[in-house]
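K.L.:
Pasting a structure here, questions to come.
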Amino acid sequence: MSTQEQYPIDVEAVREDFPILRRKVGGDVTTPGEGPDDTKPLVYLDNAATSQTPKQVVEAIVDYYYGYNSNVHRGIHHLSQEASVAYEEAHDRVAEFIGASGGREEVVFTKNTTEAMNLVAYAWGLNELGPGDRIVLTEMEHHASLVTWQQIGEKTGAEVKYVRTDDEGRLDMDHARDLIDGDTKLVSAVHISNTLGTVNPVAELADVAHEVGAYVFVDGAQSVPTRPVDVEEIDADFFAFSGHKMCGPTGIGVLYGKRHVLDEMEPYLYGGEMIRKVTYEESTWEDLPWKFEAGTPPIAQGIGLHAAVDYLDDLGMDNVKRHEELLAEYAYDRLAAFDDVEIYGPPGDDRGGLVAFNLEGVHAHDLSSILNDHGVAIRAGDHCTQPLHDKLGVAASTRASFYVYNTREEIDALIDAVDDARQLFA
Amino acid sequence: MGMGSDMYRQQILDHYKNPRNYGELPDATFSHVGENPSCGDTIRIDVRLEDDDETIERVAFSGDGCAISQASASMLSQRLPGATLSELKEMDRDDVIDMLGVDISPMRIKCAVLAEKVAQDGAMIYEGEIEIEETTTEDDV
């Protein structure tokens with residue numbers, strides 16, 4: 001079991017950057033913010049759903065709104081130029097963060113991971129897929145990927161197949177090699193399962209897919225926030241993630257695409273900002289990535305994401321990864337010590353920074369309500385992986401997920417609250 | 001007020017652990033089912049009417065799910081006998097919350113009202129007012 005000394009991040013200093021972590025909860029929820037009846041210190045363990053936002057990111061957004069708020073790419077005036085430069089640089093910075101050597105041309109800002117997935121589904125999938133083609137997913141896909149490609153399969157006649165997970169929640173790579181055949185045009189796989197915590201061998205999957213000429217889409221919503229990611233080492237054709245799970249604001253996601261792949265794709269949304277020349281008869285498209293960013297884009301959010309990436313790089317993504325692993329292992333070990341707790345996914349020393357579990361005899365929603373009474377914020381439900389929960393044989397699970405500001409003491413608070421639920425329902 | 005443990009006062013836990021009228025009525029006048037897929041809560045309600053075809057004589061329920069949804073069904077099965085179908089159909093969310101005797105947090109309302117809605121829809125199907133296969137309260141927040 002790990003000790004506090006091994007943790008590479010100075011959590012006390014980090015927590016100073018997140019004012020929300022000082023608040024108390026438990027009172028009236030109809031008025032946002034801390035009120036007089038809020039008496040329980042917040043223990044925030046729902047980071048896989050959304051992370052908290054440090055002052056540095058909020059300040060970058062405030063600086064934009066107070067100092068140079070303007071639309072981008074359409075004004076010659078000073079503010080618009082400042083906003084345009086900052087917004088474009090945010091693309092470059094994100095490209096650098098994920099190892100996209102093509103820079104901004106390979107980085108499209110979207111609303112979130114789901115929209116990035118849909119962008120490729122509509123702009124590429126609908127046009128390129130048909131009967132006889134195969135789409136290969138994993139059994140642990142988030143609905144963002146699963147539902148999207150299921151629909152594209154229905155619309156185009158392409159068949160959808162799922163790579164099995166084994167009893168420990170790992171991908172069955174032999175099954176993957178069987179499924180990914182000459183008809184396969186796309187493999188879409190989650191990098192880290194938001195339910196099982198499994199870290200999937202996406203680079204190996206990409207190799208298998210590329211041997212048959214298929215594209216690979218990696219859903220990095222849980223990986224980019226929590227570990228160093230290099231899209232070129234993975235050799236992903238597409239890669240997507242969301243800003244709000246990595247200290248950034250909501251309303252922004254990222255689609256990375258290899259330049260030549262994005263170049264060949266038709267636009268997804270039409271309108272302003274994405275065009276070069278328009279007549280009453282026809283239009284031509286702007287260069288990458290703007291071709292895929294129709295309308296006024298998420299300017300403040302892009303600038304906020306830039307600040308979030310700076311923040312994480314200052315901590316060091318290797319340190320973030322180690323911190324996540326240590327917390328996940330500690331939580332796993334503490335939960336696994338109870339006979340009446342069932343944990344899903346691989347062992348504690350081989351997973352991303354989250355642990356989903358059930359307490360025998362207590363529905364996940366009841367457990368989460370009782371944890372809430374202790375000020376412990378966790379996620380209860382199907383975590384947007386309903387078919388996976390069906391396979392696990394449960395309707396819902398309770399998930400604790402960790403980030404750079406979480407401590408072992410907070411996991412102890414979780415365990416105490418679980419124990420209280422155990423007593424209540426005994 | 002805090003809602004967590006308050007929501008699990010003794011009465012709710014008692015009905016959850018020792019559900020009343022659990023099972024099916026072999027001579028039910030009508031039955032109906034409901035499910036909230038995101039929670040996995042399922043409820044079946046069986047109702048037997050008296051000879052006037054209006055007064056509820058007996059109610060049984062079966063199902064699976066969280067303490068709030070199951071305790072609510074158990075309490076309802078005790079509450080309804082003697083009431084008329086019209087009275088059942090007039091019940092609303094506040095009646096259920098009064099019956100449970102606790103504050104229900106906004107995210108859990110759908111669990112609390114599932115049994116009531118299943119019974120109401122069952123009555124309306126029986127009287128030919130609606131035609132549905134299954135009830136859900138997933139959108140009730």
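Ordering of the structure tokens sets the chain letters (A, B, ...), residue numbers begin anew at 1 in every chain, and ligands are numbered from 1 in the order given.
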Can you tell me, as an NGL selection string, which residues in segment 107-350 of chain A count as alpha helix (DSSP H) by DSSP?

P.N.:
:A and (113-120 or 126-128 or 143-156 or 173-179 or 202-211 or 231-234 or 259-264 or 299-315 or 317-336)

K.L.:
What residues in chain A lie within 12 Å of chain B, counting only C-alpha atoms, written as number ranges by chain?

P.N.:
A: 24-30, 35-40, 361-377, 380-387, 389-390, 393-398, 417, 420-421, 423-426

K.L.:
Write out as a PDB file with all heavy atoms, in the first residue's frame all residues of segment 274-306 of chain A that DSSP puts in strand (DSSP E or B) for this structure's backbone.

P.N.:
```
ATOM      1  N   ILE A 275     -16.294  29.031 -44.049  1.00  0.00           N
ATOM      2  CA  ILE A 275     -16.277  29.184 -45.505  1.00  0.00           C
ATOM      3  C   ILE A 275     -15.136  30.099 -45.985  1.00  0.00           C
ATOM      4  O   ILE A 275     -14.617  30.909 -45.226  1.00  0.00           O
ATOM      5  CB  ILE A 275     -17.614  29.768 -46.012  1.00  0.00           C
ATOM      6  CG1 ILE A 275     -18.063  30.954 -45.127  1.00  0.00           C
ATOM      7  CG2 ILE A 275     -18.675  28.720 -46.077  1.00  0.00           C
ATOM      8  CD1 ILE A 275     -17.415  32.254 -45.348  1.00  0.00           C
ATOM      9  N   ARG A 276     -14.759  29.925 -47.217  1.00  0.00           N
ATOM     10  CA  ARG A 276     -13.787  30.839 -47.816  1.00  0.00           C
ATOM     11  C   ARG A 276     -14.485  31.801 -48.757  1.00  0.00           C
ATOM     12  O   ARG A 276     -14.392  32.993 -48.630  1.00  0.00           O
ATOM     13  CB  ARG A 276     -12.698  30.067 -48.551  1.00  0.00           C
ATOM     14  CG  ARG A 276     -11.738  30.984 -49.332  1.00  0.00           C
ATOM     15  CD  ARG A 276     -10.465  30.290 -49.698  1.00  0.00           C
ATOM     16  NE  ARG A 276      -9.738  29.884 -48.508  1.00  0.00           N
ATOM     17  CZ  ARG A 276      -8.845  28.910 -48.491  1.00  0.00           C
ATOM     18  NH1 ARG A 276      -8.590  28.220 -49.572  1.00  0.00           N
ATOM     19  NH2 ARG A 276      -8.225  28.619 -47.380  1.00  0.00           N
ATOM     20  N   LYS A 277     -15.253  31.235 -49.708  1.00  0.00           N
ATOM     21  CA  LYS A 277     -15.941  32.090 -50.674  1.00  0.00           C
ATOM     22  C   LYS A 277     -17.356  31.579 -50.879  1.00  0.00           C
ATOM     23  O   LYS A 277     -17.570  30.384 -51.059  1.00  0.00           O
ATOM     24  CB  LYS A 277     -15.189  32.083 -52.001  1.00  0.00           C
ATOM     25  CG  LYS A 277     -15.803  32.979 -53.074  1.00  0.00           C
ATOM     26  CD  LYS A 277     -14.868  33.114 -54.256  1.00  0.00           C
ATOM     27  CE  LYS A 277     -15.578  33.808 -55.432  1.00  0.00           C
ATOM     28  NZ  LYS A 277     -16.194  35.089 -55.068  1.00  0.00           N
ATOM     29  N   VAL A 278     -18.294  32.493 -50.838  1.00  0.00           N
ATOM     30  CA  VAL A 278     -19.700  32.118 -50.962  1.00  0.00           C
ATOM     31  C   VAL A 278     -20.354  32.938 -52.056  1.00  0.00           C
ATOM     32  O   VAL A 278     -20.191  34.158 -52.108  1.00  0.00           O
ATOM     33  CB  VAL A 278     -20.464  32.375 -49.636  1.00  0.00           C
ATOM     34  CG1 VAL A 278     -21.941  32.008 -49.790  1.00  0.00           C
ATOM     35  CG2 VAL A 278     -19.838  31.586 -48.498  1.00  0.00           C
ATOM     36  N   SER A 283     -20.362  27.376 -52.459  1.00  0.00           N
ATOM     37  CA  SER A 283     -19.430  27.864 -51.442  1.00  0.00           C
ATOM     38  C   SER A 283     -18.187  26.996 -51.429  1.00  0.00           C
ATOM     39  O   SER A 283     -18.223  25.820 -51.816  1.00  0.00           O
ATOM     40  CB  SER A 283     -20.077  27.802 -50.047  1.00  0.00           C
ATOM     41  OG  SER A 283     -21.292  28.515 -50.040  1.00  0.00           O
ATOM     42  N   THR A 284     -17.084  27.576 -50.990  1.00  0.00           N
ATOM     43  CA  THR A 284     -15.879  26.781 -50.767  1.00  0.00           C
ATOM     44  C   THR A 284     -15.477  26.915 -49.303  1.00  0.00           C
ATOM     45  O   THR A 284     -15.884  27.857 -48.623  1.00  0.00           O
ATOM     46  CB  THR A 284     -14.714  27.246 -51.668  1.00  0.00           C
ATOM     47  OG1 THR A 284     -14.487  28.643 -51.420  1.00  0.00           O
ATOM     48  CG2 THR A 284     -15.031  27.020 -53.119  1.00  0.00           C
ATOM     49  N   TRP A 285     -14.678  25.940 -48.853  1.00  0.00           N
ATOM     50  CA  TRP A 285     -14.427  25.819 -47.411  1.00  0.00           C
ATOM     51  C   TRP A 285     -13.106  26.448 -46.999  1.00  0.00           C
ATOM     52  O   TRP A 285     -12.132  26.455 -47.738  1.00  0.00           O
ATOM     53  CB  TRP A 285     -14.470  24.365 -46.961  1.00  0.00           C
ATOM     54  CG  TRP A 285     -15.617  23.570 -47.517  1.00  0.00           C
ATOM     55  CD1 TRP A 285     -15.566  22.319 -48.043  1.00  0.00           C
ATOM     56  CD2 TRP A 285     -16.995  23.988 -47.606  1.00  0.00           C
ATOM     57  NE1 TRP A 285     -16.820  21.919 -48.443  1.00  0.00           N
ATOM     58  CE2 TRP A 285     -17.706  22.919 -48.196  1.00  0.00           C
ATOM     59  CE3 TRP A 285     -17.697  25.149 -47.253  1.00  0.00           C
ATOM     60  CZ2 TRP A 285     -19.083  22.979 -48.426  1.00  0.00           C
ATOM     61  CZ3 TRP A 285     -19.055  25.203 -47.486  1.00  0.00           C
ATOM     62  CH2 TRP A 285     -19.738  24.127 -48.065  1.00  0.00           C
TER      63      TRP A 285
END
```

K.L.:
Do you have the atom CA of Val72 of chain A-atom CA of Ile299 of chain A distance handy?

P.N.:
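Going from atom CA of Val72 of chain A over to atom CA of Ile299 of chain A, I get 7.7 Å.
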
K.L.:
Using only C-alpha atoms, which residue out of B:Arg79, B:Arg20, B:His15, B:Arg58 lies closest to Val96 of chain B?

P.N.:
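Smallest separation from Val96 of chain B among the options: B:Arg79.
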
K.L.:
So that I can see what lies close to Ser69 of chain B, please list as JSON, numbers by chain the residues with an atom at most 10 Å from it, counting only C-alpha atoms and leaving out residues fewer than 6 positions away in the same chain.

P.N.:
{"B": [12, 16, 36, 39, 41, 42, 43, 63, 108, 109, 110, 111, 112, 113, 114, 115, 116]}

K.L.:
Include all heavy atoms and write out the residues we just selected as a compact mmCIF listing (two decimals), in the first residue's frame.

P.N.:
```
# COMPACT_ATOMS: atom_id res chain seq x y z
N ILE B 12 -38.89 4.27 6.11
CA ILE B 12 -38.50 3.91 4.74
C ILE B 12 -37.67 2.62 4.76
O ILE B 12 -37.91 1.70 3.98
CB ILE B 12 -37.67 5.04 4.10
CG1 ILE B 12 -38.49 6.32 4.09
CG2 ILE B 12 -37.13 4.63 2.75
CD1 ILE B 12 -38.89 6.84 2.77
N TYR B 16 -38.52 -1.00 3.18
CA TYR B 16 -37.60 -1.56 2.18
C TYR B 16 -37.17 -2.96 2.59
O TYR B 16 -37.16 -3.88 1.77
CB TYR B 16 -36.38 -0.64 2.03
CG TYR B 16 -35.34 -1.17 1.08
CD1 TYR B 16 -35.63 -1.39 -0.26
CD2 TYR B 16 -34.03 -1.43 1.52
CE1 TYR B 16 -34.67 -1.86 -1.14
CE2 TYR B 16 -33.07 -1.90 0.65
CZ TYR B 16 -33.38 -2.13 -0.68
OH TYR B 16 -32.43 -2.59 -1.54
N ASN B 36 -37.77 2.51 -14.48
CA ASN B 36 -36.88 3.63 -14.76
C ASN B 36 -35.53 3.06 -15.16
O ASN B 36 -34.74 2.68 -14.31
CB ASN B 36 -36.73 4.54 -13.52
CG ASN B 36 -37.98 5.37 -13.28
OD1 ASN B 36 -38.74 5.63 -14.20
ND2 ASN B 36 -38.18 5.77 -12.05
N CYS B 39 -32.17 3.96 -13.49
CA CYS B 39 -31.96 3.52 -12.10
C CYS B 39 -32.00 2.01 -12.01
O CYS B 39 -31.47 1.43 -11.06
CB CYS B 39 -33.07 4.03 -11.18
SG CYS B 39 -33.41 5.75 -11.28
N ASP B 41 -34.88 0.67 -11.50
CA ASP B 41 -36.04 0.45 -10.65
C ASP B 41 -37.18 -0.13 -11.48
O ASP B 41 -37.55 0.45 -12.50
CB ASP B 41 -36.52 1.76 -10.01
CG ASP B 41 -35.50 2.35 -9.06
OD1 ASP B 41 -34.60 1.61 -8.63
OD2 ASP B 41 -35.62 3.55 -8.74
N THR B 42 -37.74 -1.25 -11.00
CA THR B 42 -38.91 -1.81 -11.68
C THR B 42 -40.00 -2.03 -10.64
O THR B 42 -39.72 -2.38 -9.50
CB THR B 42 -38.60 -3.17 -12.34
OG1 THR B 42 -38.15 -4.08 -11.33
CG2 THR B 42 -37.52 -3.05 -13.40
N ILE B 43 -41.25 -1.81 -11.04
CA ILE B 43 -42.40 -1.99 -10.15
C ILE B 43 -43.54 -2.63 -10.95
O ILE B 43 -43.83 -2.19 -12.07
CB ILE B 43 -42.91 -0.63 -9.60
CG1 ILE B 43 -41.87 0.04 -8.71
CG2 ILE B 43 -44.24 -0.81 -8.86
CD1 ILE B 43 -41.77 -0.54 -7.32
N GLY B 63 -41.18 -6.12 -7.53
CA GLY B 63 -40.21 -5.32 -8.26
C GLY B 63 -38.87 -5.32 -7.58
O GLY B 63 -38.61 -6.10 -6.67
N ARG B 108 -34.23 12.37 -6.77
CA ARG B 108 -34.81 11.08 -6.38
C ARG B 108 -36.33 11.06 -6.48
O ARG B 108 -36.96 10.05 -6.16
CB ARG B 108 -34.38 10.72 -4.95
CG ARG B 108 -32.87 10.70 -4.73
CD ARG B 108 -32.17 9.65 -5.58
NE ARG B 108 -32.66 8.30 -5.34
CZ ARG B 108 -32.27 7.55 -4.32
NH1 ARG B 108 -31.42 7.99 -3.46
NH2 ARG B 108 -32.75 6.33 -4.18
N ILE B 109 -36.93 12.18 -6.90
CA ILE B 109 -38.39 12.23 -7.02
C ILE B 109 -38.90 11.12 -7.93
O ILE B 109 -39.91 10.47 -7.65
CB ILE B 109 -38.83 13.62 -7.56
CG1 ILE B 109 -38.68 14.68 -6.47
CG2 ILE B 109 -40.26 13.58 -8.08
CD1 ILE B 109 -39.68 14.56 -5.34
N LYS B 110 -38.17 10.89 -9.01
CA LYS B 110 -38.63 9.87 -9.96
C LYS B 110 -38.72 8.49 -9.31
O LYS B 110 -39.57 7.69 -9.67
CB LYS B 110 -37.75 9.84 -11.20
CG LYS B 110 -36.29 9.50 -10.95
CD LYS B 110 -35.57 9.37 -12.29
CE LYS B 110 -34.14 8.87 -12.11
NZ LYS B 110 -33.22 9.95 -11.81
N CYS B 111 -37.85 8.22 -8.34
CA CYS B 111 -37.91 6.94 -7.63
C CYS B 111 -39.15 6.90 -6.75
O CYS B 111 -39.85 5.89 -6.67
CB CYS B 111 -36.68 6.75 -6.75
SG CYS B 111 -35.11 7.13 -7.54
N ALA B 112 -39.41 8.04 -6.08
CA ALA B 112 -40.51 8.09 -5.11
C ALA B 112 -41.87 7.92 -5.78
O ALA B 112 -42.76 7.29 -5.22
CB ALA B 112 -40.45 9.41 -4.34
N VAL B 113 -42.04 8.49 -6.95
CA VAL B 113 -43.37 8.52 -7.57
C VAL B 113 -43.63 7.38 -8.55
O VAL B 113 -44.72 7.28 -9.11
CB VAL B 113 -43.64 9.88 -8.29
CG1 VAL B 113 -43.56 11.03 -7.30
CG2 VAL B 113 -42.68 10.08 -9.45
N LEU B 114 -42.65 6.49 -8.73
CA LEU B 114 -42.84 5.43 -9.74
C LEU B 114 -44.06 4.55 -9.43
O LEU B 114 -44.91 4.32 -10.29
CB LEU B 114 -41.57 4.58 -9.87
CG LEU B 114 -41.64 3.44 -10.90
CD1 LEU B 114 -41.87 3.98 -12.30
CD2 LEU B 114 -40.37 2.59 -10.87
N ALA B 115 -44.17 4.08 -8.18
CA ALA B 115 -45.26 3.17 -7.83
C ALA B 115 -46.63 3.85 -8.03
O ALA B 115 -47.56 3.26 -8.58
CB ALA B 115 -45.12 2.69 -6.39
N GLU B 116 -46.70 5.10 -7.58
CA GLU B 116 -47.96 5.85 -7.72
C GLU B 116 -48.35 5.97 -9.20
O GLU B 116 -49.49 5.74 -9.59
CB GLU B 116 -47.80 7.23 -7.10
CG GLU B 116 -48.98 8.15 -7.31
CD GLU B 116 -48.58 9.56 -7.65
OE1 GLU B 116 -47.51 9.77 -8.28
OE2 GLU B 116 -49.31 10.47 -7.31
```

K.L.:
If we count only C-alpha atoms and set the cut-off at 9 Å, which residues sit around Arg22 of chain A, ignoring sequence neighbours fewer than 4 positions away in its own chain? Please answer as a count of residues only.

P.N.:
5

K.L.:
Name all residues at most 12 Å from Ile45 of chain B (count only C-alpha atoms; drop same-chain ones fewer than 3 positions away) and give them as number ranges by chain.

P.N.:
B: 21-25, 28-35, 42, 48, 58-63, 70, 72-74, 76-77, 80, 114-123, 134-135

K.L.:
Set the distance at 8 Å and use only C-alpha atoms: which residues neighbour Phe357 of chain A once local chain neighbours fewer than 4 positions away are removed? I'd like the list as a ChimeraX atom specification.

P.N.:
/A:341-344,397-399

K.L.:
Write out, as a compact mmCIF listing (two decimals), in the first residue's frame, the residues just selected, with N, CA, C and O atoms.

P.N.:
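Output below, filename again-v7.txt:
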```txt
# COMPACT_ATOMS: atom_id res chain seq x y z
N VAL A 341 -18.42 -5.68 -0.71
CA VAL A 341 -18.21 -4.69 -1.76
C VAL A 341 -17.73 -5.39 -3.01
O VAL A 341 -16.76 -6.18 -2.97
N GLU A 342 -18.42 -5.14 -4.11
CA GLU A 342 -17.98 -5.70 -5.39
C GLU A 342 -17.38 -4.57 -6.23
O GLU A 342 -18.04 -3.55 -6.45
N ILE A 343 -16.15 -4.77 -6.69
CA ILE A 343 -15.47 -3.74 -7.48
C ILE A 343 -15.39 -4.22 -8.93
O ILE A 343 -15.16 -5.40 -9.17
N TYR A 344 -15.60 -3.31 -9.86
CA TYR A 344 -15.58 -3.68 -11.27
C TYR A 344 -14.25 -3.25 -11.91
O TYR A 344 -13.75 -2.17 -11.61
N SER A 397 -23.99 1.36 -10.70
CA SER A 397 -22.87 1.22 -9.78
C SER A 397 -22.53 2.59 -9.22
O SER A 397 -23.02 3.62 -9.69
N THR A 398 -21.69 2.57 -8.20
CA THR A 398 -21.24 3.80 -7.55
C THR A 398 -19.79 3.99 -7.95
O THR A 398 -19.00 3.06 -7.87
N ARG A 399 -19.45 5.21 -8.40
CA ARG A 399 -18.09 5.41 -8.90
C ARG A 399 -17.42 6.57 -8.19
O ARG A 399 -17.92 7.68 -8.17
```
